[in-house]
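These notes are about the structure you will find just below.
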Amino acid sequence: MSDQSTQLSVPALYIVATPIGNRDDITLRALTILRSVDRILAEDTRHSQHLLQHYDINRPLVSVHEHNEAGRLTQIVQWLEAGESLALITDAGTPLISDPGFVLVRALRERGLNVVPIPGVSAVITALCAAGLPTDRFQFIGFLPAKAGPRERTLSAVLSYRGTSLCYESPRRLLDTLNLLAELAPERPLVVARELTKQFETFLSGTASELAARVHEDSDQQRGEIVLLIHGQTEDVLNPGIDADALLALLAEHMPPKKAAGEAARLLGGSKNDLYARLLAQKSKP
């Protein structure tokens, strides 16, 4: 593959990844782009100004966030069609990953305008590569729901996934989430990755019960930015001659979900907790 020049040759929106903590993680290509574009679109201009000033980058800043993204579209299209080049950055990490930008990028591509990725750090991949959980198959589910009911349904569905699952969680809700996981899948391996690339970066590994106890004892673990990683469900040890999902659905018509999962585990030979998660995942499907 030939090396692409970082010089701006055509009008484009450049999706530029910025550091998630350590400023040295910005790429040389990102710096070149940010110094060359006509304007920088930033989620929070005041926040981004600190990074730009650190690298002596002086370009006009325009705020683009979830509340004004659609309204900015016409002006951004006009800038690009007039021959300008723009950069989109978020507060930290790769834009659009649980951040604004999707509406804008989709609209520009539909119009045939250039959108160019400038890759760099992402909290999801940073956590995954150092957590010690399987990396051959994984899913990212963004932020967990704030309300208890939707959060339980989301986690129940996640627990049936075969690969590693990653999500963002608020430090205020971390302990509640760990306690919930301790009920749903007490033996499932987890990792709490906190404050990645920053001074107090930590990786905590263990079962949900173990991690809940550690987080409860150390209030510092309930601060900062958190990525929660959940080991995937292992291969079924269920009776291959019986349709587990059909049996669960039938039992759930006549008894509460937890009792149905327990009865299915007795008949099939699997884990009661995994079957309970599987049943809740069934119920959450439209």
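Here's how to read the names in the structure tokens: chain A, B, ... by the order shown, residue numbers from 1 in each chain, ligand numbers from 1 in the order shown.
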
* Asked: Looking only at the backbone, which of the residues in stretch 7-158 of chain A does DSSP tag as helix (DSSP H, G or I), as a PyMOL selection string?
  -> chain A and resi 23-25+28-36+45-54+69-81+102-110+123-131+148-158

Report as a PDB file with C-alpha atoms, in the first residue's frame all protein, DNA and RNA residues lying within 9 Å of stretch 126-129 of chain A, evaluated on only C-alpha atoms, omitting residues in the same chain fewer than 6 positions from it.
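around_26.pdb, freshly written:
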```
ATOM      1  CA  THR A 135      -9.922 -10.109  21.640  1.00  0.00           C
ATOM      2  CA  PHE A 138     -15.947  -8.350  20.739  1.00  0.00           C
ATOM      3  CA  THR A 164     -15.985  -9.891  24.994  1.00  0.00           C
ATOM      4  CA  LEU A 166     -17.303  -3.471  26.331  1.00  0.00           C
ATOM      5  CA  VAL A 192     -12.879  -2.456  35.111  1.00  0.00           C
ATOM      6  CA  ALA A 193     -10.506  -0.198  33.155  1.00  0.00           C
ATOM      7  CA  ARG A 194     -10.372   3.294  34.643  1.00  0.00           C
ATOM      8  CA  LEU A 196      -6.926   5.099  30.712  1.00  0.00           C
ATOM      9  CA  THR A 197      -3.608   6.749  29.726  1.00  0.00           C
ATOM     10  CA  PHE A 203      -7.197  -2.301  35.543  1.00  0.00           C
ATOM     11  CA  VAL A 227     -14.684   1.100  30.539  1.00  0.00           C
ATOM     12  CA  LEU A 228     -16.326  -2.111  31.767  1.00  0.00           C
ATOM     13  CA  LEU A 229     -15.365  -5.340  30.003  1.00  0.00           C
TER      14      LEU A 229
END
```

Closest contacts (stretch 87-135 of chain A/stretch 13-18 of chain A, max 9 Å, only C-alpha atoms) as CSV:
```
residue,atom,partner,partner_atom,distance
A:Ala87,CA,A:Tyr14,CA,4.5
A:Leu88,CA,A:Ile15,CA,5.0
A:Ile89,CA,A:Val16,CA,5.5
A:Thr90,CA,A:Thr18,CA,7.4
A:Asp91,CA,A:Thr18,CA,7.8
A:Ala92,CA,A:Thr18,CA,5.6
A:Gly93,CA,A:Thr18,CA,4.9
A:Thr94,CA,A:Ala17,CA,4.2
A:Pro95,CA,A:Ala17,CA,6.3
A:Leu96,CA,A:Ile15,CA,8.8
A:Val105,CA,A:Leu13,CA,8.4
A:Leu108,CA,A:Leu13,CA,8.6
A:Leu113,CA,A:Leu13,CA,8.2
A:Asn114,CA,A:Leu13,CA,6.3
A:Val115,CA,A:Leu13,CA,4.8
A:Val116,CA,A:Tyr14,CA,4.7
A:Pro117,CA,A:Ile15,CA,4.8
A:Ile118,CA,A:Val16,CA,4.8
A:Pro119,CA,A:Ala17,CA,5.7
A:Gly120,CA,A:Ala17,CA,4.9
A:Val121,CA,A:Ala17,CA,6.3
A:Ser122,CA,A:Ala17,CA,7.8
```

Would you write out those residues with C-alpha atoms, as a PDB file, in the first residue's frame?
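Everything below was put into out32.pdb:
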```pdb
ATOM      1  CA  ALA A  87     -11.639  18.811  10.890  1.00  0.00           C
ATOM      2  CA  LEU A  88     -14.064  17.228  13.353  1.00  0.00           C
ATOM      3  CA  ILE A  89     -12.791  16.491  16.854  1.00  0.00           C
ATOM      4  CA  THR A  90     -14.465  15.358  20.048  1.00  0.00           C
ATOM      5  CA  ASP A  91     -13.577  16.065  23.667  1.00  0.00           C
ATOM      6  CA  ALA A  92     -11.356  12.967  23.742  1.00  0.00           C
ATOM      7  CA  GLY A  93     -10.704   9.951  21.548  1.00  0.00           C
ATOM      8  CA  THR A  94     -12.160   9.080  18.158  1.00  0.00           C
ATOM      9  CA  PRO A  95     -15.184  11.142  17.058  1.00  0.00           C
ATOM     10  CA  LEU A  96     -18.558   9.391  16.617  1.00  0.00           C
ATOM     11  CA  VAL A 105     -21.020  12.152   8.361  1.00  0.00           C
ATOM     12  CA  LEU A 108     -22.044  14.415   3.799  1.00  0.00           C
ATOM     13  CA  LEU A 113     -18.705  14.965  -0.178  1.00  0.00           C
ATOM     14  CA  ASN A 114     -15.351  13.702   1.089  1.00  0.00           C
ATOM     15  CA  VAL A 115     -15.035  12.317   4.622  1.00  0.00           C
ATOM     16  CA  VAL A 116     -11.523  11.192   5.612  1.00  0.00           C
ATOM     17  CA  PRO A 117     -10.662   9.304   8.831  1.00  0.00           C
ATOM     18  CA  ILE A 118      -7.503  10.275  10.730  1.00  0.00           C
ATOM     19  CA  PRO A 119      -7.154   7.320  13.117  1.00  0.00           C
ATOM     20  CA  GLY A 120      -5.826   7.445  16.625  1.00  0.00           C
ATOM     21  CA  VAL A 121      -6.611   6.494  20.192  1.00  0.00           C
ATOM     22  CA  SER A 122      -9.982   5.102  21.311  1.00  0.00           C
TER      23      SER A 122
END
```

* To do: Please provide as a list of chain:residue names all residues within 12 Å of A:His216, with the sequence filter that same-chain residues fewer than 2 positions apart are discarded (counting only C-alpha atoms).
  => A:Pro171, A:Arg172, A:Arg173, A:Leu174, A:Leu175, A:Asp176, A:Leu178, A:Asn179, A:Ala208, A:Ser209, A:Glu210, A:Leu211, A:Ala212, A:Ala213, A:Arg214, A:Asp218, A:Ser219, A:Asp220, A:Gln221, A:Gln222, A:Arg223

* To do: Run DSSP on the backbone and give me the residues of stretch 62-222 of chain A it puts in strand (DSSP E), as a VMD selection string.
  => chain A and resid 62 to 63 86 to 89 115 to 118 138 to 143 164 to 169 189 to 194 202 to 207
